[in-house]
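Listing of entry.csv, CSV, C-alpha atoms and all ligand atoms
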```
chain,number,residue,atom,x,y,z
E,1,MET,CA,0.0,0.0,0.0
E,2,SER,CA,1.4,3.4,-0.7
E,3,ASP,CA,1.8,5.9,2.0
E,4,PRO,CA,-1.3,7.2,3.8
E,5,GLY,CA,0.7,8.8,6.6
E,6,SER,CA,3.8,8.4,8.5
E,7,PRO,CA,4.0,4.7,9.5
E,8,VAL,CA,7.4,3.1,8.9
E,9,ASP,CA,7.9,-0.5,9.5
E,10,SER,CA,9.7,-3.5,8.4
E,11,GLY,CA,8.1,-6.8,8.8
E,12,GLY,CA,5.5,-5.5,11.3
E,13,ILE,CA,7.9,-3.8,13.7
E,14,HIS,CA,7.9,-0.1,13.8
E,15,VAL,CA,11.3,1.2,12.8
E,16,PRO,CA,11.9,4.9,13.8
E,17,VAL,CA,12.6,7.0,10.7
E,18,LEU,CA,15.6,9.4,10.4
E,19,LEU,CA,16.8,8.2,13.8
E,20,GLU,CA,20.5,9.1,13.3
E,21,GLU,CA,19.5,12.5,12.1
E,22,VAL,CA,17.2,13.1,15.1
E,23,LEU,CA,20.0,12.3,17.5
E,24,GLU,CA,22.5,14.4,15.6
E,25,PHE,CA,20.2,17.5,15.8
E,26,LEU,CA,18.9,17.0,19.3
E,27,GLN,CA,22.3,16.1,20.7
E,28,PRO,CA,20.7,14.5,23.9
E,29,ARG,CA,22.7,15.2,27.0
E,30,SER,CA,22.6,13.7,30.5
E,31,ASP,CA,21.4,16.9,32.1
E,32,GLY,CA,18.8,17.4,29.4
E,33,VAL,CA,15.0,17.1,29.4
E,34,TYR,CA,13.4,16.1,26.1
E,35,VAL,CA,9.9,15.7,24.7
E,36,ASP,CA,8.7,13.1,22.3
E,37,GLY,CA,5.2,14.3,21.2
E,38,ASN,CA,4.5,11.1,19.2
E,39,LEU,CA,5.8,8.3,21.4
E,40,GLY,CA,4.4,5.5,19.3
E,41,LEU,CA,6.2,2.4,20.3
E,42,GLY,CA,9.0,4.4,21.9
E,43,GLY,CA,11.7,3.8,19.1
E,44,HIS,CA,13.0,7.4,19.0
E,45,ALA,CA,12.4,7.9,22.7
E,46,GLY,CA,14.5,4.9,23.6
E,47,ALA,CA,17.4,6.1,21.5
E,48,ILE,CA,17.1,9.6,23.1
E,49,LEU,CA,17.1,8.1,26.6
E,50,ALA,CA,20.1,5.8,25.7
E,51,LYS,CA,22.1,8.8,24.4
E,52,SER,CA,21.2,11.0,27.4
E,53,ALA,CA,22.3,8.4,30.0
E,54,PRO,CA,22.7,8.3,32.9
E,55,ALA,CA,20.3,11.1,33.9
E,56,GLY,CA,18.6,12.6,30.8
E,57,LYS,CA,14.8,12.7,31.1
E,58,LEU,CA,12.1,12.1,28.4
E,59,ILE,CA,8.5,13.1,28.5
E,60,GLY,CA,6.6,11.0,25.9
E,61,LEU,CA,3.1,11.7,24.8
E,62,ASP,CA,0.7,9.6,22.8
E,63,TRP,CA,-3.1,9.7,22.7
E,64,ASP,CA,-3.4,6.1,21.8
E,65,ASP,CA,-3.6,3.9,24.9
E,66,ARG,CA,-2.5,0.8,23.1
E,67,ALA,CA,0.6,2.6,21.7
E,68,LEU,CA,1.3,4.0,25.2
E,69,ALA,CA,1.1,0.6,26.9
E,70,LEU,CA,3.7,-0.8,24.5
E,71,ALA,CA,5.9,2.3,24.8
E,72,ARG,CA,5.8,2.0,28.6
E,73,ALA,CA,6.9,-1.7,28.3
E,74,ASN,CA,9.6,-0.9,25.8
E,75,LEU,CA,11.0,2.0,27.9
E,76,ALA,CA,10.7,0.2,31.3
E,77,ASP,CA,14.4,-0.3,31.6
E,78,PHE,CA,14.9,3.5,31.8
E,79,GLY,CA,12.8,3.7,35.0
E,80,ALA,CA,11.8,7.1,36.1
E,81,ARG,CA,13.8,8.8,33.4
E,82,ALA,CA,11.0,8.0,31.0
E,83,VAL,CA,7.6,9.6,31.7
E,84,CYS,CA,4.8,8.4,29.5
E,85,VAL,CA,1.6,10.5,29.3
E,86,ARG,CA,-1.6,9.8,27.5
E,87,ASN,CA,-2.5,13.1,25.9
E,88,ASN,CA,-2.7,15.1,22.7
E,89,PHE,CA,0.6,16.8,21.9
E,90,ALA,CA,-1.4,20.0,21.3
E,91,GLU,CA,-1.8,20.0,25.2
E,92,LEU,CA,2.0,19.9,25.7
E,93,PRO,CA,2.1,23.3,27.6
E,94,GLN,CA,-0.4,22.0,30.1
E,95,VAL,CA,1.3,18.6,30.4
E,96,LEU,CA,4.7,20.2,31.2
E,97,ASP,CA,3.1,22.6,33.5
E,98,GLY,CA,1.5,19.7,35.4
E,99,LEU,CA,5.0,18.1,35.7
E,100,GLY,CA,6.5,21.4,37.0
E,101,ILE,CA,8.7,21.8,33.9
E,102,ALA,CA,9.1,25.3,32.5
E,103,ALA,CA,11.2,24.6,29.4
E,104,VAL,CA,12.9,21.6,27.7
E,105,ASP,CA,16.1,21.0,25.7
E,106,GLY,CA,14.5,19.3,22.8
E,107,ILE,CA,11.1,18.4,21.2
E,108,LEU,CA,10.6,15.7,18.6
E,109,LEU,CA,7.4,15.2,16.6
E,110,ASP,CA,7.2,12.2,14.4
E,111,LEU,CA,3.8,12.8,12.9
E,112,GLY,CA,1.1,10.4,11.8
E,113,LEU,CA,0.5,6.7,12.4
E,114,SER,CA,2.6,3.9,13.7
E,115,SER,CA,2.7,0.5,12.0
E,116,LEU,CA,0.7,-0.8,15.0
E,117,GLN,CA,-2.2,1.4,14.0
E,118,LEU,CA,-1.9,1.0,10.3
E,119,ASP,CA,-1.5,-2.8,10.2
E,120,GLY,CA,-3.6,-3.6,13.2
E,121,GLY,CA,-6.5,-4.4,10.9
E,122,GLU,CA,-9.2,-3.0,13.0
E,123,ARG,CA,-9.3,0.8,12.8
E,124,GLY,CA,-9.8,1.4,9.1
E,125,PHE,CA,-6.6,3.2,8.3
E,126,SER,CA,-5.8,0.7,5.5
E,127,PHE,CA,-7.7,0.3,2.3
E,128,ARG,CA,-6.8,-3.3,2.1
E,129,GLY,CA,-9.5,-5.7,3.2
E,130,SER,CA,-12.6,-4.8,5.1
E,131,GLU,CA,-12.2,-2.9,8.4
E,132,PRO,CA,-14.6,-0.7,10.4
E,133,LEU,CA,-14.4,2.9,9.1
E,134,ASP,CA,-13.1,4.3,12.5
E,135,MET,CA,-9.7,6.0,11.9
E,136,ARG,CA,-9.6,7.5,15.5
E,137,MET,CA,-6.1,7.3,16.9
E,138,ASP,CA,-7.6,8.3,20.3
E,139,ASP,CA,-10.6,6.2,20.9
E,140,ARG,CA,-12.0,8.7,23.5
E,141,SER,CA,-12.8,11.1,20.8
E,142,SER,CA,-16.4,10.9,19.5
E,143,GLU,CA,-16.5,11.0,15.7
E,144,THR,CA,-15.4,8.2,13.5
E,145,ALA,CA,-14.7,8.3,9.8
E,146,ALA,CA,-18.1,6.6,9.2
E,147,ASP,CA,-19.8,9.3,11.2
E,148,LEU,CA,-18.3,12.0,9.0
E,149,LEU,CA,-19.1,10.2,5.7
E,150,ASN,CA,-22.7,9.6,6.8
E,151,LYS,CA,-23.4,13.1,8.1
E,152,LEU,CA,-21.4,15.8,6.2
E,153,SER,CA,-23.1,17.7,3.4
E,154,ARG,CA,-22.0,17.1,-0.2
E,155,ASP,CA,-20.0,20.4,-0.1
E,156,GLU,CA,-18.4,19.6,3.2
E,157,LEU,CA,-17.3,16.2,2.0
E,158,ALA,CA,-15.9,17.8,-1.2
E,159,ASP,CA,-14.0,20.4,0.8
E,160,MET,CA,-12.6,17.7,3.1
E,161,PHE,CA,-11.4,15.5,0.2
E,162,TYR,CA,-10.0,18.6,-1.7
E,163,TYR,CA,-8.2,20.4,1.2
E,164,PHE,CA,-7.1,17.5,3.3
E,165,GLY,CA,-6.5,14.9,0.5
E,166,GLU,CA,-5.6,17.3,-2.3
E,167,GLU,CA,-7.9,15.1,-4.3
E,168,ARG,CA,-8.8,16.7,-7.6
E,169,GLN,CA,-11.8,14.5,-8.1
E,170,ALA,CA,-13.3,15.7,-4.8
E,171,ARG,CA,-16.7,16.8,-6.2
E,172,PRO,CA,-17.6,13.6,-8.0
E,173,ILE,CA,-16.4,11.5,-5.1
E,174,ALA,CA,-18.6,13.6,-2.6
E,175,SER,CA,-21.6,13.2,-4.9
E,176,MET,CA,-21.1,9.4,-5.1
E,177,VAL,CA,-20.7,9.2,-1.2
E,178,VAL,CA,-24.0,11.0,-0.8
E,179,GLU,CA,-25.8,8.8,-3.3
E,180,ASP,CA,-24.4,5.6,-1.9
E,181,ARG,CA,-25.1,6.4,1.8
E,182,GLY,CA,-28.7,7.0,0.8
E,183,ARG,CA,-29.0,3.3,0.1
E,184,GLN,CA,-26.7,2.0,2.9
E,185,PRO,CA,-24.8,4.0,5.5
E,186,PHE,CA,-21.0,3.7,5.4
E,187,LYS,CA,-19.6,1.2,7.8
E,188,THR,CA,-16.5,-0.5,6.3
E,189,THR,CA,-13.4,0.5,4.3
E,190,ASP,CA,-14.2,-1.7,1.4
E,191,GLN,CA,-17.5,0.1,0.9
E,192,LEU,CA,-15.6,3.4,0.7
E,193,VAL,CA,-13.0,2.0,-1.7
E,194,ASP,CA,-15.8,0.8,-3.9
E,195,THR,CA,-17.5,4.2,-3.9
E,196,VAL,CA,-14.3,6.1,-4.7
E,197,SER,CA,-13.4,3.6,-7.5
E,198,ARG,CA,-16.8,4.1,-9.2
E,199,ALA,CA,-16.8,7.9,-8.7
E,200,ILE,CA,-13.5,8.4,-10.6
E,201,PRO,CA,-13.6,7.5,-14.3
E,202,LYS,CA,-11.2,4.7,-15.0
E,203,ARG,CA,-9.0,6.8,-17.1
E,204,PHE,CA,-8.3,9.2,-14.2
E,205,HIS,CA,-7.4,6.4,-11.7
E,206,PRO,CA,-3.9,7.2,-10.5
E,207,ARG,CA,-1.1,4.7,-11.6
E,208,ARG,CA,1.4,5.1,-8.7
E,209,ILE,CA,-1.0,5.2,-5.7
E,210,HIS,CA,-4.2,3.4,-4.8
E,211,VAL,CA,-7.3,5.1,-6.1
E,212,ALA,CA,-8.6,5.8,-2.5
E,213,THR,CA,-5.2,7.0,-1.0
E,214,LYS,CA,-6.1,10.7,-1.0
E,215,VAL,CA,-9.7,10.1,0.3
E,216,PHE,CA,-8.3,8.0,3.2
E,217,GLN,CA,-5.7,10.6,4.0
E,218,ALA,CA,-8.4,13.3,4.0
E,219,LEU,CA,-10.7,11.4,6.4
E,220,ARG,CA,-7.9,10.5,8.7
E,221,ILE,CA,-6.8,14.1,9.0
E,222,ALA,CA,-10.3,15.3,9.6
E,223,VAL,CA,-11.2,12.6,12.2
E,224,ASN,CA,-8.1,13.3,14.2
E,225,ARG,CA,-8.0,17.1,13.6
E,226,GLU,CA,-4.4,16.5,12.7
E,227,LEU,CA,-3.6,19.9,11.2
E,228,ASP,CA,-5.3,21.9,14.0
E,229,ASN,CA,-3.2,19.9,16.5
E,230,LEU,CA,0.0,20.5,14.6
E,231,VAL,CA,-0.7,24.3,14.4
E,232,LYS,CA,-1.2,24.3,18.2
E,233,ILE,CA,2.0,22.5,19.1
E,234,LEU,CA,4.0,24.5,16.6
E,235,SER,CA,2.8,27.8,18.0
E,236,ALA,CA,3.7,26.7,21.5
E,237,GLY,CA,6.9,24.9,20.7
E,238,GLY,CA,9.3,27.9,20.6
E,239,GLU,CA,8.1,29.1,24.1
E,240,LEU,CA,8.6,25.7,25.6
E,241,LEU,CA,12.3,25.4,24.5
E,242,LYS,CA,15.3,26.6,26.5
E,243,PRO,CA,17.7,28.9,24.6
E,244,GLY,CA,19.7,26.6,22.3
E,245,GLY,CA,17.0,23.9,22.6
E,246,ARG,CA,15.8,22.4,19.3
E,247,ILE,CA,12.5,21.2,17.8
E,248,CYS,CA,12.6,18.5,15.1
E,249,VAL,CA,9.5,17.7,13.1
E,250,ILE,CA,9.2,14.7,10.8
E,251,SER,CA,6.2,15.0,8.5
E,252,PHE,CA,4.9,12.7,5.8
E,253,HIS,CA,2.8,14.8,3.5
E,254,SER,CA,3.0,18.3,1.9
E,255,LEU,CA,0.1,19.7,4.0
E,256,GLU,CA,2.1,19.1,7.2
E,257,ASP,CA,5.4,20.1,5.8
E,258,ARG,CA,4.1,23.4,4.6
E,259,LEU,CA,2.7,24.2,8.1
E,260,VAL,CA,6.0,23.3,9.7
E,261,LYS,CA,8.0,25.4,7.3
E,262,ARG,CA,5.8,28.4,7.7
E,263,ALA,CA,5.6,28.1,11.5
E,264,PHE,CA,9.4,27.9,11.9
E,265,ALA,CA,9.9,30.9,9.5
E,266,GLU,CA,7.3,33.1,11.3
E,267,ASP,CA,8.3,32.3,14.9
E,268,ARG,CA,10.8,35.0,15.9
E,269,ARG,CA,11.9,32.9,18.9
E,270,LEU,CA,13.2,30.2,16.4
E,271,GLU,CA,16.2,30.1,14.0
E,272,VAL,CA,15.7,27.6,11.2
E,273,ILE,CA,18.6,25.1,11.2
E,274,THR,CA,17.5,23.1,8.1
E,275,ARG,CA,16.9,25.5,5.1
E,276,ARG,CA,15.7,22.5,3.1
E,277,PRO,CA,14.0,19.5,4.7
E,278,LEU,CA,16.1,16.5,5.4
E,279,ARG,CA,15.1,13.3,3.6
E,280,PRO,CA,16.1,9.7,4.4
E,281,GLY,CA,18.9,8.3,2.2
E,282,GLU,CA,18.4,5.5,-0.3
E,283,GLU,CA,19.7,2.9,2.1
E,284,GLU,CA,17.1,3.8,4.8
E,285,CYS,CA,14.3,3.8,2.2
E,286,GLN,CA,15.3,0.3,1.1
E,287,ILE,CA,15.0,-1.0,4.6
E,288,ASN,CA,11.9,1.1,5.4
E,289,PRO,CA,10.0,1.7,2.1
E,290,ARG,CA,7.5,3.8,4.0
E,291,ALA,CA,10.2,6.3,5.0
E,292,ARG,CA,10.3,7.5,1.4
E,293,SER,CA,7.9,10.4,2.0
E,294,ALA,CA,9.5,11.6,5.3
E,295,LYS,CA,10.8,15.1,5.6
E,296,MET,CA,12.4,16.5,8.7
E,297,ARG,CA,12.8,20.2,9.6
E,298,VAL,CA,14.7,21.5,12.6
E,299,ALA,CA,14.7,24.9,14.4
E,300,GLU,CA,16.5,26.2,17.4
E,301,ARG,CA,15.3,28.5,20.1
E,302,VAL,CA,17.4,31.7,20.1
E,303,ALA,CA,18.7,33.3,23.3
E,304,GLU,CA,17.1,36.7,22.8
E,305,TRP,CA,14.3,37.7,20.5
M,1,LIG,C1,4.7,7.6,13.6
M,1,LIG,S1,4.2,7.1,15.2
M,1,LIG,C2,5.5,7.5,16.2
M,1,LIG,C3,6.5,6.4,16.2
M,1,LIG,C4,7.7,6.7,17.2
M,1,LIG,N1,8.4,7.8,16.9
M,1,LIG,C5,8.5,5.4,17.4
M,1,LIG,O1,9.7,5.5,17.0
M,1,LIG,O2,8.0,4.4,17.8
M,1,LIG,C6,3.1,8.4,15.6
M,1,LIG,C7,2.4,8.3,16.9
M,1,LIG,O3,1.9,9.5,17.2
M,1,LIG,C8,0.6,9.4,17.8
M,1,LIG,N2,0.0,10.7,17.6
M,1,LIG,C9,-0.4,11.2,16.4
M,1,LIG,N3,-1.0,12.4,16.6
M,1,LIG,C10,-0.9,12.7,18.0
M,1,LIG,C11,-1.3,13.8,18.8
M,1,LIG,N4,-1.9,14.9,18.3
M,1,LIG,N5,-1.1,13.7,20.1
M,1,LIG,C12,-0.5,12.6,20.6
M,1,LIG,N6,-0.1,11.5,19.9
M,1,LIG,C13,-0.3,11.6,18.6
M,1,LIG,C14,0.0,8.2,17.2
M,1,LIG,O4,-1.0,7.7,18.0
M,1,LIG,C15,1.2,7.3,16.9
M,1,LIG,O5,1.3,6.4,18.0
```
Entire entry expressed as structure tokens:
Amino acid sequence: MSDPGSPVDSGGIHVPVLLEEVLEFLQPRSDGVYVDGNLGLGGHAGAILAKSAPAGKLIGLDWDDRALALARANLADFGARAVCVRNNFAELPQVLDGLGIAAVDGILLDLGLSSLQLDGGERGFSFRGSEPLDMRMDDRSSETAADLLNKLSRDELADMFYYFGEERQARPIASMVVEDRGRQPFKTTDQLVDTVSRAIPKRFHPRRIHVATKVFQALRIAVNRELDNLVKILSAGGELLKPGGRICVISFHSLEDRLVKRAFAEDRRLEVITRRPLRPGEEECQINPRARSAKMRVAERVAEW
């Protein structure tokens, strides 16, 4: 399946993307405090903790309780140096406040899905097979992908597909969704794949990606309010860093990367370290095919502004 987000795995195990580069830019130190806003299975977090031994601390956030349970187990050897919190990274200022931490030495965001979520086969992120159209990374939130498909107006659906999926066939797809749900409400991923395939004339079916890739991306972004959350953490990030502290953001599609680029450029507290985004090398992409779309941008908190 071509990339619907950020998951990177090899044989079912989540492999952290751009790991060497993250360590090089964050330079974890033993007296440092670091944040991983997308803890996932704790791959990057474990490497940051190992590098910042013996005393470096890591605050890891994930809003998916299943990911968090695995991360806790994977990071257990680091004891109290690893603090795992179930929360949205958009709430990072409040989380740090609650822990009595005013500012940190580094923040990492590795956006999107883990392979656990993508390949789990039960949340509808993949367009292979038939899964419930859920797409919530945090199962405490109320609206699923099926809810949106079944309730949004034709125009709202078209806007969602166009703006969050950059899908040029947004209008015909929205019309077909409205027509199909009149007969039977959307429940499963195969229903949606079938609707999208029929809405787009065969000659416009993309060759390099699955015909439903962009629609799935759009729904996932909408269900999880991914861009809103990213804007919130990016606007708070500069304030939460100590002078000289760095923020590294790994994104997996152009909508995210544009937001990161703009936020770094507009934040007077930050100096951009990577003029152009860093991409994984050919070797990493061969081991981790899903790393291909990754882009990392890094900025540093300036002393005075
Ligand atoms: C690509 S994975 C991170 C993998 C991790 N870096 C590793 O090496 O194991 C992204 C994780 O971020 C979580 N996530 C996505 N958006 C989030 C948000 N707004 N707040 C908290 N967690 C989020 C997802 O649940 C997922 O577990």
Checklist entry - Which residue out of E:Gly32, E:Pro206, E:Gly112, E:Gly98 has the minimum interatomic distance to ligand LIG 1 (chain M) when all atoms listed in the file are used? => result E:Gly112
Checklist entry - So, counting only C-alpha atoms and all ligand atoms, which residue among E:Leu41, E:Ala170, E:Leu149, E:Ala303 is closest to ligand LIG 1 (chain M)? => result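 So, comparing all the options, the nearest one is E:Leu41.
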Checklist entry - Which residue, E:Glu131, E:Glu143, E:Asp155, E:Glu271, has the smallest gap to Leu192 of chain E when you use only C-alpha atoms? => result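 Among the listed residues, E:Glu131 lies closest to Leu192 of chain E.
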Checklist entry - How would you write, as a PyMOL selection string, the set of residues no farther than 6 Å from ligand LIG 1 (chain M) when counting only C-alpha atoms and all ligand atoms? => result chain E and resi 6-7+16+37-44+61-64+67+87-90+110-114+137+229
Would you list the contacts of Ser175 of chain E as a CSV table (one decimal) with C-alpha atoms, keeping the file's coordinate frame, taking every protein, DNA or RNA residue within 10 Å and counting all atoms listed in the file, but skipping same-chain residues closer than 2 positions in sequence?
```csv
chain,number,residue,atom,x,y,z
E,153,SER,CA,-23.1,17.7,3.4
E,154,ARG,CA,-22.0,17.1,-0.2
E,155,ASP,CA,-20.0,20.4,-0.1
E,157,LEU,CA,-17.3,16.2,2.0
E,158,ALA,CA,-15.9,17.8,-1.2
E,170,ALA,CA,-13.3,15.7,-4.8
E,171,ARG,CA,-16.7,16.8,-6.2
E,172,PRO,CA,-17.6,13.6,-8.0
E,173,ILE,CA,-16.4,11.5,-5.1
E,177,VAL,CA,-20.7,9.2,-1.2
E,178,VAL,CA,-24.0,11.0,-0.8
E,179,GLU,CA,-25.8,8.8,-3.3
E,180,ASP,CA,-24.4,5.6,-1.9
E,195,THR,CA,-17.5,4.2,-3.9
E,199,ALA,CA,-16.8,7.9,-8.7
```
Next on the checklist: When you look at Ala222 of chain E with a cut-off of 9 Å (counting all atoms listed in the file), what residues show up, excluding the ones that are within fewer than 4 positions of it in the same chain? I need them as a list in words.
Outcome noted: Ala145, Leu148, Met160, Phe164, Gln217, Ala218, Glu226 and Leu227 of chain E
Checklist entry - Taking only C-alpha atoms into account, which of E:Arg203, E:Lys242, E:Arg123, E:Arg269 comes nearest Lys187 of chain E? => result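 Closest residue, counting only C-alpha atoms: E:Arg123.
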Checklist entry - Can you list, as a list in words, every protein, DNA or RNA residue that comes within 9 Å of Asp257 of chain E when you count all atoms listed in the file, leaving out same-chain residues fewer than 5 positions away? => result Val249, Ile250, Ser251, Phe252, Arg262, Pro277, Lys295, Met296 and Arg297 of chain E
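In terms of minimum interatomic distance to Ile209 of chain E, E:Phe127 ranks closest within E:Phe127, E:Leu109, E:Leu278, E:Gln94, counting all atoms listed in the file.
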Please identify all polymer residues within 7 Å of Asp105 of chain E, counting all atoms listed in the file, omitting same-chain residues fewer than 3 positions from it, and present them as an mmCIF file with C-alpha atoms, keeping the file's coordinate frame.
```cif
data_model
loop_
_atom_site.group_PDB
_atom_site.id
_atom_site.type_symbol
_atom_site.label_atom_id
_atom_site.label_comp_id
_atom_site.auth_asym_id
_atom_site.auth_seq_id
_atom_site.Cartn_x
_atom_site.Cartn_y
_atom_site.Cartn_z
ATOM 1 C CA GLY E 32 18.800 17.400 29.400
ATOM 2 C CA VAL E 33 15.000 17.100 29.400
ATOM 3 C CA TYR E 34 13.400 16.100 26.100
ATOM 4 C CA LEU E 241 12.300 25.400 24.500
ATOM 5 C CA LYS E 242 15.300 26.600 26.500
ATOM 6 C CA GLY E 245 17.000 23.900 22.600
ATOM 7 C CA ARG E 246 15.800 22.400 19.300
#
```
Kindly complete segment 82-95 of chain E to N, CA and C atoms; the output should be written as a PDB file, in the frame of the given file.
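Now in part.pdb:
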```
ATOM      1  N   ALA E  82      11.966   7.928  32.042  1.00  0.00           N
ATOM      2  CA  ALA E  82      11.000   8.000  31.000  1.00  0.00           C
ATOM      3  C   ALA E  82       9.581   8.235  31.608  1.00  0.00           C
ATOM      4  N   VAL E  83       8.947   9.335  31.217  1.00  0.00           N
ATOM      5  CA  VAL E  83       7.600   9.600  31.700  1.00  0.00           C
ATOM      6  C   VAL E  83       6.630   9.563  30.550  1.00  0.00           C
ATOM      7  N   CYS E  84       5.715   8.601  30.603  1.00  0.00           N
ATOM      8  CA  CYS E  84       4.800   8.400  29.500  1.00  0.00           C
ATOM      9  C   CYS E  84       3.411   8.956  29.851  1.00  0.00           C
ATOM     10  N   VAL E  85       2.874   9.804  29.004  1.00  0.00           N
ATOM     11  CA  VAL E  85       1.600  10.500  29.300  1.00  0.00           C
ATOM     12  C   VAL E  85       0.629  10.268  28.177  1.00  0.00           C
ATOM     13  N   ARG E  86      -0.613   9.896  28.526  1.00  0.00           N
ATOM     14  CA  ARG E  86      -1.600   9.800  27.500  1.00  0.00           C
ATOM     15  C   ARG E  86      -2.254  11.168  27.265  1.00  0.00           C
ATOM     16  N   ASN E  87      -1.869  11.809  26.189  1.00  0.00           N
ATOM     17  CA  ASN E  87      -2.500  13.100  25.900  1.00  0.00           C
ATOM     18  C   ASN E  87      -2.174  13.501  24.447  1.00  0.00           C
ATOM     19  N   ASN E  88      -2.925  14.479  23.990  1.00  0.00           N
ATOM     20  CA  ASN E  88      -2.700  15.100  22.700  1.00  0.00           C
ATOM     21  C   ASN E  88      -1.506  15.998  22.775  1.00  0.00           C
ATOM     22  N   PHE E  89      -0.596  15.934  21.793  1.00  0.00           N
ATOM     23  CA  PHE E  89       0.600  16.800  21.900  1.00  0.00           C
ATOM     24  C   PHE E  89       0.203  18.291  21.843  1.00  0.00           C
ATOM     25  N   ALA E  90      -0.984  18.594  21.344  1.00  0.00           N
ATOM     26  CA  ALA E  90      -1.400  20.000  21.300  1.00  0.00           C
ATOM     27  C   ALA E  90      -1.562  20.509  22.785  1.00  0.00           C
ATOM     28  N   GLU E  91      -1.661  19.595  23.742  1.00  0.00           N
ATOM     29  CA  GLU E  91      -1.800  20.000  25.200  1.00  0.00           C
ATOM     30  C   GLU E  91      -0.440  19.984  25.869  1.00  0.00           C
ATOM     31  N   LEU E  92       0.656  19.981  25.115  1.00  0.00           N
ATOM     32  CA  LEU E  92       2.000  19.900  25.700  1.00  0.00           C
ATOM     33  C   LEU E  92       2.229  20.992  26.793  1.00  0.00           C
ATOM     34  N   PRO E  93       1.855  22.252  26.552  1.00  0.00           N
ATOM     35  CA  PRO E  93       2.100  23.300  27.600  1.00  0.00           C
ATOM     36  C   PRO E  93       1.485  22.860  28.938  1.00  0.00           C
ATOM     37  N   GLN E  94       0.237  22.357  28.882  1.00  0.00           N
ATOM     38  CA  GLN E  94      -0.400  22.000  30.100  1.00  0.00           C
ATOM     39  C   GLN E  94       0.240  20.743  30.758  1.00  0.00           C
ATOM     40  N   VAL E  95       0.687  19.795  29.917  1.00  0.00           N
ATOM     41  CA  VAL E  95       1.300  18.600  30.400  1.00  0.00           C
ATOM     42  C   VAL E  95       2.635  18.977  31.165  1.00  0.00           C
TER      43      VAL E  95
END
```
